[in-house]
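What follows is the content of protein_32.txt, which has compact mmCIF, C-alpha atoms and all ligand atoms:
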# COMPACT_ATOMS: atom_id res chain seq x y z
CA MET A 1464 0.22 29.25 10.24
CA PRO A 1465 0.00 25.64 9.04
CA THR A 1466 -3.25 24.77 7.27
CA PRO A 1467 -5.08 21.78 8.77
CA ARG A 1468 -6.27 19.22 6.26
CA THR A 1469 -9.97 18.42 6.18
CA ILE A 1470 -11.72 15.16 5.26
CA SER A 1471 -12.36 14.97 1.53
CA ARG A 1472 -14.00 11.53 1.25
CA VAL A 1473 -14.62 8.50 3.45
CA PHE A 1474 -14.70 4.94 2.13
CA ASN A 1475 -15.47 1.59 3.72
CA SER A 1476 -13.61 -1.48 2.46
CA ILE A 1477 -15.71 -3.68 0.23
CA PRO A 1478 -15.49 -7.52 0.02
CA THR A 1479 -13.82 -8.53 -3.24
CA MET A 1480 -12.53 -11.74 -4.81
CA GLU A 1481 -9.02 -11.64 -6.25
CA GLY A 1482 -6.26 -13.96 -7.47
CA ALA A 1483 -7.33 -17.61 -7.64
CA GLY A 1484 -10.22 -16.97 -5.24
CA VAL A 1485 -8.91 -14.96 -2.30
CA ARG A 1486 -11.58 -13.17 -0.30
CA LEU A 1487 -10.27 -9.80 0.69
CA LYS A 1488 -11.52 -6.26 1.28
CA ARG A 1489 -10.72 -3.44 -1.11
CA ALA A 1490 -10.47 0.07 0.33
CA PHE A 1491 -10.12 1.66 -3.10
CA GLY A 1492 -9.29 0.55 -6.62
CA PHE A 1493 -9.84 1.22 -10.31
CA ASN A 1494 -12.94 3.43 -10.00
CA GLU A 1495 -11.60 5.60 -7.18
CA ALA A 1496 -8.00 5.82 -8.40
CA PRO A 1497 -8.38 9.30 -9.98
CA LEU A 1498 -8.95 10.66 -6.44
CA PHE A 1499 -5.83 8.92 -5.09
CA ASP A 1500 -3.10 9.83 -7.62
CA PRO A 1501 -0.31 8.54 -7.32
CA PHE A 1502 -1.92 5.53 -5.60
CA LEU A 1503 -4.00 2.98 -7.48
CA LEU A 1504 -5.39 0.44 -5.06
CA LEU A 1505 -5.39 -0.71 -1.44
CA ASP A 1506 -6.38 -4.25 -0.47
CA ASP A 1507 -6.86 -5.47 3.10
CA PHE A 1508 -6.41 -9.24 3.26
CA ARG A 1509 -6.65 -9.86 7.01
CA SER A 1510 -8.45 -13.12 7.81
CA ASN A 1511 -8.64 -15.85 10.45
CA ASN A 1512 -9.97 -18.37 7.95
CA PRO A 1513 -7.47 -20.20 5.68
CA ALA A 1514 -10.27 -20.89 3.16
CA ASP A 1515 -10.32 -17.14 2.48
CA TYR A 1516 -6.71 -16.94 1.38
CA LEU A 1517 -4.97 -20.28 0.67
CA LYS A 1518 -5.79 -20.21 -3.06
CA GLY A 1519 -3.44 -17.26 -3.28
CA PHE A 1520 -2.30 -15.20 -6.22
CA PRO A 1521 -0.66 -17.59 -8.71
CA TRP A 1522 1.56 -16.46 -11.58
CA HIS A 1523 0.68 -13.02 -12.95
CA PRO A 1524 2.59 -10.11 -14.48
CA HIS A 1525 3.03 -6.53 -13.30
CA ARG A 1526 4.36 -3.61 -15.26
CA GLY A 1527 4.41 0.15 -14.67
CA ILE A 1528 3.61 0.09 -10.93
CA GLU A 1529 4.91 -0.67 -7.46
CA THR A 1530 3.21 -3.21 -5.21
CA ILE A 1531 3.78 -2.71 -1.50
CA THR A 1532 2.93 -5.61 0.80
CA TYR A 1533 2.89 -4.98 4.56
CA MET A 1534 2.26 -8.05 6.72
CA LEU A 1535 0.74 -7.98 10.20
CA ASP A 1536 0.14 -11.71 10.71
CA GLY A 1537 1.14 -14.90 8.97
CA ASN A 1538 3.22 -15.05 5.82
CA VAL A 1539 3.19 -14.63 2.07
CA LYS A 1540 5.49 -16.83 0.03
CA HIS A 1541 6.74 -14.90 -2.96
CA GLY A 1542 8.46 -16.13 -6.08
CA ASP A 1543 9.16 -14.61 -9.46
CA SER A 1544 10.16 -15.93 -12.84
CA MET A 1545 13.66 -14.47 -12.52
CA GLY A 1546 14.27 -16.86 -9.62
CA HIS A 1547 13.78 -14.37 -6.82
CA ASN A 1548 12.18 -16.19 -3.86
CA GLY A 1549 11.30 -15.31 -0.30
CA VAL A 1550 8.76 -15.16 2.46
CA ILE A 1551 7.22 -11.91 3.68
CA SER A 1552 6.56 -12.60 7.36
CA SER A 1553 4.64 -10.86 10.11
CA GLY A 1554 5.83 -7.25 10.50
CA ALA A 1555 7.77 -7.22 7.23
CA VAL A 1556 7.36 -5.16 4.07
CA GLN A 1557 8.08 -6.00 0.47
CA TRP A 1558 8.27 -2.88 -1.69
CA MET A 1559 8.36 -4.21 -5.23
CA THR A 1560 9.01 -1.75 -8.02
CA ALA A 1561 7.82 -3.79 -10.99
CA GLY A 1562 9.10 -1.31 -13.58
CA SER A 1563 9.28 -2.95 -17.01
CA GLY A 1564 7.94 -6.17 -15.62
CA VAL A 1565 7.95 -9.07 -13.25
CA ILE A 1566 5.95 -12.28 -13.42
CA HIS A 1567 5.38 -13.45 -9.90
CA GLN A 1568 3.21 -15.39 -7.51
CA GLU A 1569 2.15 -14.46 -3.99
CA MET A 1570 0.91 -17.36 -1.89
CA PRO A 1571 -0.34 -16.56 1.64
CA PHE A 1572 -0.13 -19.03 4.47
CA GLY A 1573 -1.25 -18.43 8.02
CA ASP A 1574 0.43 -18.58 11.39
CA GLN A 1575 -0.07 -21.60 13.69
CA HIS A 1576 -3.62 -20.39 14.45
CA GLY A 1577 -4.58 -19.96 10.79
CA LYS A 1578 -4.36 -16.19 11.09
CA MET A 1579 -3.01 -14.27 8.13
CA GLY A 1580 -3.18 -10.69 7.15
CA GLY A 1581 -1.76 -7.55 5.79
CA PHE A 1582 -2.22 -4.94 3.14
CA GLN A 1583 -1.21 -4.51 -0.47
CA LEU A 1584 -0.94 -1.00 -1.83
CA TRP A 1585 -0.34 -0.23 -5.50
CA ALA A 1586 1.52 2.95 -6.33
CA ASN A 1587 1.88 4.27 -9.84
CA LEU A 1588 5.23 4.92 -11.50
CA PRO A 1589 5.89 8.07 -13.55
CA ALA A 1590 6.10 7.54 -17.32
CA SER A 1591 9.86 8.09 -17.13
CA GLN A 1592 10.28 5.09 -14.78
CA LYS A 1593 7.69 2.61 -16.01
CA MET A 1594 10.23 0.69 -18.07
CA ASN A 1595 13.05 0.79 -15.49
CA PRO A 1596 14.55 -2.50 -14.26
CA PRO A 1597 12.50 -4.22 -11.53
CA ARG A 1598 13.67 -3.64 -7.97
CA TYR A 1599 12.82 -5.28 -4.65
CA GLN A 1600 13.19 -3.74 -1.23
CA GLU A 1601 12.63 -6.51 1.32
CA ILE A 1602 12.39 -5.09 4.80
CA THR A 1603 12.24 -7.38 7.81
CA GLU A 1604 10.43 -6.19 10.92
CA ASP A 1605 13.61 -5.42 12.87
CA ARG A 1606 14.64 -2.85 10.25
CA ILE A 1607 11.47 -0.77 10.63
CA PRO A 1608 12.08 2.04 13.15
CA LYS A 1609 9.47 2.34 15.89
CA ILE A 1610 9.44 5.73 17.53
CA HIS A 1611 7.56 6.76 20.67
CA LEU A 1612 6.43 10.35 21.02
CA GLU A 1613 6.05 12.02 24.41
CA ASN A 1614 2.26 11.76 24.29
CA GLY A 1615 2.45 7.96 23.90
CA VAL A 1616 1.89 7.92 20.13
CA GLU A 1617 3.87 5.11 18.47
CA ILE A 1618 4.90 5.32 14.82
CA HIS A 1619 6.40 2.55 12.71
CA ILE A 1620 8.21 4.18 9.82
CA ILE A 1621 8.20 2.05 6.69
CA CYS A 1622 8.93 4.93 4.35
CA GLY A 1623 9.41 8.62 5.03
CA ASN A 1624 10.76 10.23 8.17
CA ILE A 1625 9.66 11.51 11.57
CA GLY A 1626 12.16 14.11 12.77
CA GLN A 1627 15.61 12.58 12.28
CA THR A 1628 14.36 9.01 12.03
CA LYS A 1629 14.06 7.68 8.52
CA GLY A 1630 12.25 4.58 7.27
CA PRO A 1631 14.26 1.91 5.39
CA VAL A 1632 12.50 2.12 2.00
CA ASN A 1633 14.28 4.61 -0.22
CA ASP A 1634 14.44 6.18 -3.69
CA ILE A 1635 10.76 5.92 -4.55
CA ALA A 1636 9.54 8.16 -7.38
CA ILE A 1637 6.46 9.56 -5.63
CA ASP A 1638 8.34 10.53 -2.44
CA PRO A 1639 5.88 8.62 -0.23
CA ASP A 1640 5.30 8.33 3.47
CA TYR A 1641 4.08 4.95 4.72
CA LEU A 1642 3.50 5.04 8.47
CA ASP A 1643 1.77 2.68 10.90
CA ILE A 1644 0.54 4.89 13.76
CA THR A 1645 -0.97 3.91 17.12
CA VAL A 1646 -2.60 6.62 19.24
CA PRO A 1647 -3.43 5.76 22.87
CA PRO A 1648 -6.85 6.63 24.34
CA GLY A 1649 -7.62 10.24 25.26
CA ILE A 1650 -4.98 11.88 23.05
CA SER A 1651 -5.08 14.64 20.47
CA TYR A 1652 -2.28 14.21 17.95
CA THR A 1653 -1.38 16.52 15.09
CA HIS A 1654 0.73 15.06 12.30
CA THR A 1655 2.57 17.23 9.80
CA LEU A 1656 3.04 16.02 6.25
CA ALA A 1657 4.02 17.39 2.85
CA LYS A 1658 1.64 19.92 1.36
CA GLY A 1659 0.44 19.01 -2.12
CA HIS A 1660 0.81 15.28 -1.48
CA THR A 1661 -2.23 13.04 -1.71
CA ALA A 1662 -2.79 11.61 1.77
CA PHE A 1663 -5.12 9.08 3.34
CA ALA A 1664 -5.55 7.15 6.58
CA TYR A 1665 -6.72 3.54 6.68
CA ILE A 1666 -7.92 2.44 10.11
CA ILE A 1667 -6.79 -1.04 11.14
CA ALA A 1668 -7.90 -1.12 14.80
CA GLY A 1669 -9.81 0.93 17.36
CA LYS A 1670 -11.54 4.24 16.83
CA GLY A 1671 -10.62 7.85 16.29
CA VAL A 1672 -11.90 11.25 15.25
CA PHE A 1673 -10.14 12.91 12.32
CA CYS A 1674 -9.85 16.59 11.39
CA GLY A 1675 -12.05 17.85 14.21
CA GLN A 1676 -15.17 16.05 12.98
CA ASN A 1677 -17.67 14.71 15.52
CA GLU A 1678 -18.00 11.18 14.25
CA PRO A 1679 -15.34 8.61 15.16
CA TYR A 1680 -14.26 6.17 12.48
CA ALA A 1681 -13.30 2.53 13.04
CA ASN A 1682 -11.59 -0.50 11.49
CA GLU A 1683 -11.69 -0.84 7.68
CA THR A 1684 -12.52 2.84 7.12
CA LEU A 1685 -10.41 4.91 4.74
CA ILE A 1686 -10.24 8.67 5.13
CA LEU A 1687 -9.00 10.67 2.16
CA PHE A 1688 -7.77 14.13 3.15
CA GLY A 1689 -7.95 17.43 1.32
CA ASP A 1690 -4.72 19.38 0.92
CA GLY A 1691 -2.97 21.16 3.77
CA ASP A 1692 -0.06 20.81 6.17
CA THR A 1693 -1.41 18.82 9.13
CA ILE A 1694 -3.81 16.05 10.09
CA ALA A 1695 -5.51 16.12 13.50
CA VAL A 1696 -6.48 12.86 15.21
CA THR A 1697 -8.30 12.55 18.53
CA THR A 1698 -9.01 9.38 20.46
CA GLU A 1699 -11.64 8.89 23.13
CA ASP A 1700 -11.84 5.79 25.34
CA GLU A 1701 -10.01 3.39 23.04
CA PRO A 1702 -6.74 3.42 21.12
CA LEU A 1703 -6.57 3.91 17.37
CA ARG A 1704 -4.22 2.24 14.90
CA PHE A 1705 -4.06 3.38 11.30
CA LEU A 1706 -1.86 3.43 8.25
CA LEU A 1707 -1.03 6.94 7.10
CA ILE A 1708 0.04 6.99 3.48
CA SER A 1709 0.91 9.94 1.28
CA GLY A 1710 2.70 10.66 -1.98
CA ARG A 1711 3.27 13.24 -4.69
CA PRO A 1712 0.63 13.13 -7.45
CA LEU A 1713 1.91 12.26 -10.93
CA ASN A 1714 -0.80 14.01 -12.99
CA GLU A 1715 -0.24 11.66 -15.92
CA PRO A 1716 -2.77 9.73 -18.02
CA ILE A 1717 -3.58 6.21 -16.77
CA ALA A 1718 -4.15 3.19 -19.00
CA TRP A 1719 -4.90 0.32 -16.64
CA GLN A 1720 -5.84 -3.26 -17.23
CA GLY A 1721 -5.58 -5.85 -14.46
CA PRO A 1722 -2.05 -5.88 -13.01
CA ILE A 1723 -0.53 -3.56 -15.64
CA VAL A 1724 -0.76 0.22 -15.55
CA MET A 1725 0.71 2.32 -18.35
CA ASN A 1726 0.04 5.80 -19.77
CA THR A 1727 -1.50 4.90 -23.15
CA GLN A 1728 -3.66 2.15 -24.61
CA ALA A 1729 -0.88 1.36 -27.09
CA GLU A 1730 1.58 0.69 -24.23
CA LEU A 1731 -1.01 -1.48 -22.51
CA TYR A 1732 -1.67 -3.42 -25.71
CA MET A 1733 2.05 -3.96 -26.21
CA ALA A 1734 2.48 -5.22 -22.63
CA PHE A 1735 -0.21 -7.89 -23.05
CA GLU A 1736 1.10 -8.82 -26.48
CA GLU A 1737 4.60 -9.29 -25.02
CA TYR A 1738 3.15 -11.35 -22.18
CA GLN A 1739 1.44 -13.61 -24.74
CA ASP A 1740 4.49 -14.08 -26.93
CA GLY A 1741 7.01 -14.52 -24.11
CA THR A 1742 8.95 -11.25 -24.51
CA PHE A 1743 7.46 -9.50 -21.47
CA LEU A 1744 10.53 -9.78 -19.24
CA LYS A 1745 13.38 -7.47 -20.20
CA GLN A 1746 17.06 -8.31 -19.86
CA TYR A 1747 19.29 -5.94 -17.91
CA LYS A 1748 23.02 -6.18 -17.55
CO CO B 1 1.16 -9.31 -7.78
As structure tokens, what does this structure read like?
Amino acid sequence: MPTPRTISRVFNSIPTMEGAGVRLKRAFGFNEAPLFDPFLLLDDFRSNNPADYLKGFPWHPHRGIETITYMLDGNVKHGDSMGHNGVISSGAVQWMTAGSGVIHQEMPFGDQHGKMGGFQLWANLPASQKMNPPRYQEITEDRIPKIHLENGVEIHIICGNIGQTKGPVNDIAIDPDYLDITVPPGISYTHTLAKGHTAFAYIIAGKGVFCGQNEPYANETLILFGDGDTIAVTTEDEPLRFLLISGRPLNEPIAWQGPIVMNTQAELYMAFEEYQDGTFLKQYK
């Protein structure tokens, strides 16, 4: 018999200021990260007010992690110091494996109504891959499979697979699932996922009951699950949309300062020293 997962912790996103003055909501970050291994942080930057986001995230380094940006509305203009440029538009995903290092900027701009929004997840890299060459997977909306189950549940597969259908993001160390799931009203849905993987749901619209609890949860609530094989979701009179994210824990020490996450303080110190003296970016043939 499969073991149903239960709710381990529930978090509400908290208003935070980031970058050059972007107002966003943080579902979890530095203090909660030990509970979320291999994930480090989840930011929700949905807003209808350009003053919240136009200041953006000017030039900053990353090393030792992956940043995963999933856009629902508007755009983020991205550029890095190796000359890699692009726009992450509504429905698209940028899965950036920073590895040994990128120095980049991420500048949001809204749609014609000033609406902008999406999510940035940080995933940790194992020690063995922290100094690998940087890698981008840029996925436009049309490349994200959208499957419809018989009960009306719709799943957008960014990473991972549902049955035979596989998401476009591949070769990620922590073997993650990143799914955008919509459950219509009045449905009970049971989702199977890898045992032993850390898993959480982040609600982005509507309401739903998780794991047979009585209380429905709504937008901007994060539900961290205990271990098991399945997650049960029930909707009442309104639909529910949530991100379901899971990955294999790394169980490695974390040395984290700002946008750089290594295993030891010495590695962290070296990263900032290299950033200061201009040797942060590594050359790869
Ligand atoms: Co960044």
For stretch 1569-1628 of chain A against stretch 1725-1743 of chain A, with a cut-off of 10 Å and counting all atoms listed in the file, what is the closest atom pair and its distance in Å to one decimal for every residue that makes the cut, ordered by chain and number, as JSON lines?
{"residue": "A:Asn1587", "atom": "CA", "partner": "A:Met1725", "partner_atom": "CA", "distance": 8.8}
{"residue": "A:Leu1588", "atom": "CA", "partner": "A:Met1725", "partner_atom": "CA", "distance": 8.6}
{"residue": "A:Pro1589", "atom": "CA", "partner": "A:Asn1726", "partner_atom": "CA", "distance": 8.8}
{"residue": "A:Ala1590", "atom": "CA", "partner": "A:Asn1726", "partner_atom": "CA", "distance": 6.8}
{"residue": "A:Lys1593", "atom": "CA", "partner": "A:Met1725", "partner_atom": "CA", "distance": 7.4}
{"residue": "A:Met1594", "atom": "CA", "partner": "A:Met1725", "partner_atom": "CA", "distance": 9.7}
Name each residue within 10 Å of ligand CO 1 (chain B), counting only C-alpha atoms and all ligand atoms, as a list in words.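 Checked against 10 Å with only C-alpha atoms and all ligand atoms; the hits are Gly1482, Phe1520, Pro1521, Trp1522, His1523, Pro1524, His1525, Arg1526, Glu1529, Thr1530, Ile1531, Thr1532, His1541, Asp1543, Met1559, Ala1561, Val1565, Ile1566, His1567, Gln1568, Glu1569, Met1570, Gln1583, Trp1585, Pro1722 and Ile1723 of chain A.
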Do a neighbour search on A:Leu1642 at 12 Å with all atoms listed in the file, toss out local chain neighbours closer than 4 positions, and write the hits as an MDAnalysis selection string. chainID A and resid 1533 1556 1607:1610 1617:1625 1629:1632 1654 1656 1662:1666 1704:1710
Residues within 7 Å of A:Asp1506, all atoms listed in the file, excluding chain neighbours under 5 positions, as a PyMOL selection string: chain A and resi 1487-1490+1582-1584
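Checking A:Ile1635, A:Met1534, A:Ile1644, A:Val1616 one by one against A:Thr1603, counting only C-alpha atoms, you find the shortest gap at A:Met1534.
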Could you give me, as a PyMOL selection string, the residues within 12 Å of A:Asp1500, counting all atoms listed in the file and dropping anything in the same chain fewer than 3 positions from it? chain A and resi 1491-1497+1503-1504+1585-1589+1637+1639+1659-1663+1687+1708-1717
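In this model, the gap between atom CA of A:Val1550 and atom CA of A:Phe1572 comes to 9.9 Å.
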Atom CA of A:Gly1691 to atom CA of A:Trp1558: how many Å, to one decimal?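 So the two atoms, atom CA of A:Gly1691 and atom CA of A:Trp1558, lie 27.1 Å apart.
Summary of the local environment: counting all atoms listed in the file, residues at most 9 Å from A:Gly1549, other than itself and those fewer than 2 positions away along its chain, are Val1539, Lys1540, His1541, Gly1542, His1547 and Ile1551 of chain A.
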Among listed residues A:Asn1595, A:Thr1466, A:Gln1557, A:Gln1627, nearest A:Leu1744 (using only C-alpha atoms): A:Asn1595
Could you jot down the atom CA of A:Asp1574 to atom CA of A:Thr1560 separation for me, Å, one decimal place?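 So the two atoms, atom CA of A:Asp1574 and atom CA of A:Thr1560, lie 27.1 Å apart.
Counting all atoms listed in the file, the residue from A:Glu1613, A:Asp1700, A:Glu1604, A:Glu1683 that sits nearest to A:Ser1476 is A:Glu1683.
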Residue nearest A:Tyr1652 - candidates A:Val1696, A:Cys1674, A:Met1545, A:Leu1535, atoms counted: only C-alpha atoms: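 When distances to A:Tyr1652 are compared using only C-alpha atoms, the smallest one comes from A:Val1696.
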From the options A:Asn1614, A:Asn1511, A:Gln1575, A:Thr1479, which residue's atoms come nearest to A:Pro1648, counting only C-alpha atoms? A:Asn1614
Between A:Ser1471, A:Phe1502, A:Ala1483, A:Tyr1747, which one has atoms that come closest to A:Asp1640, using all atoms listed in the file?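 Looking at the shortest contact to A:Asp1640, the residue is A:Phe1502.
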Nearby residues (only C-alpha atoms) at most 8 Å from stretch 1676-1682 of chain A, same-chain spacing under 4 positions excluded, as number ranges by chain: A: 1665-1672
Please list, as a list in words, the residues that have an atom at most 10 Å away from (-13.1, 8.6, 26.5) in the coordinates of this file, counting only C-alpha atoms. Pro1648, Gly1649, Ile1650, Thr1698, Glu1699, Asp1700, Glu1701 and Pro1702 of chain A
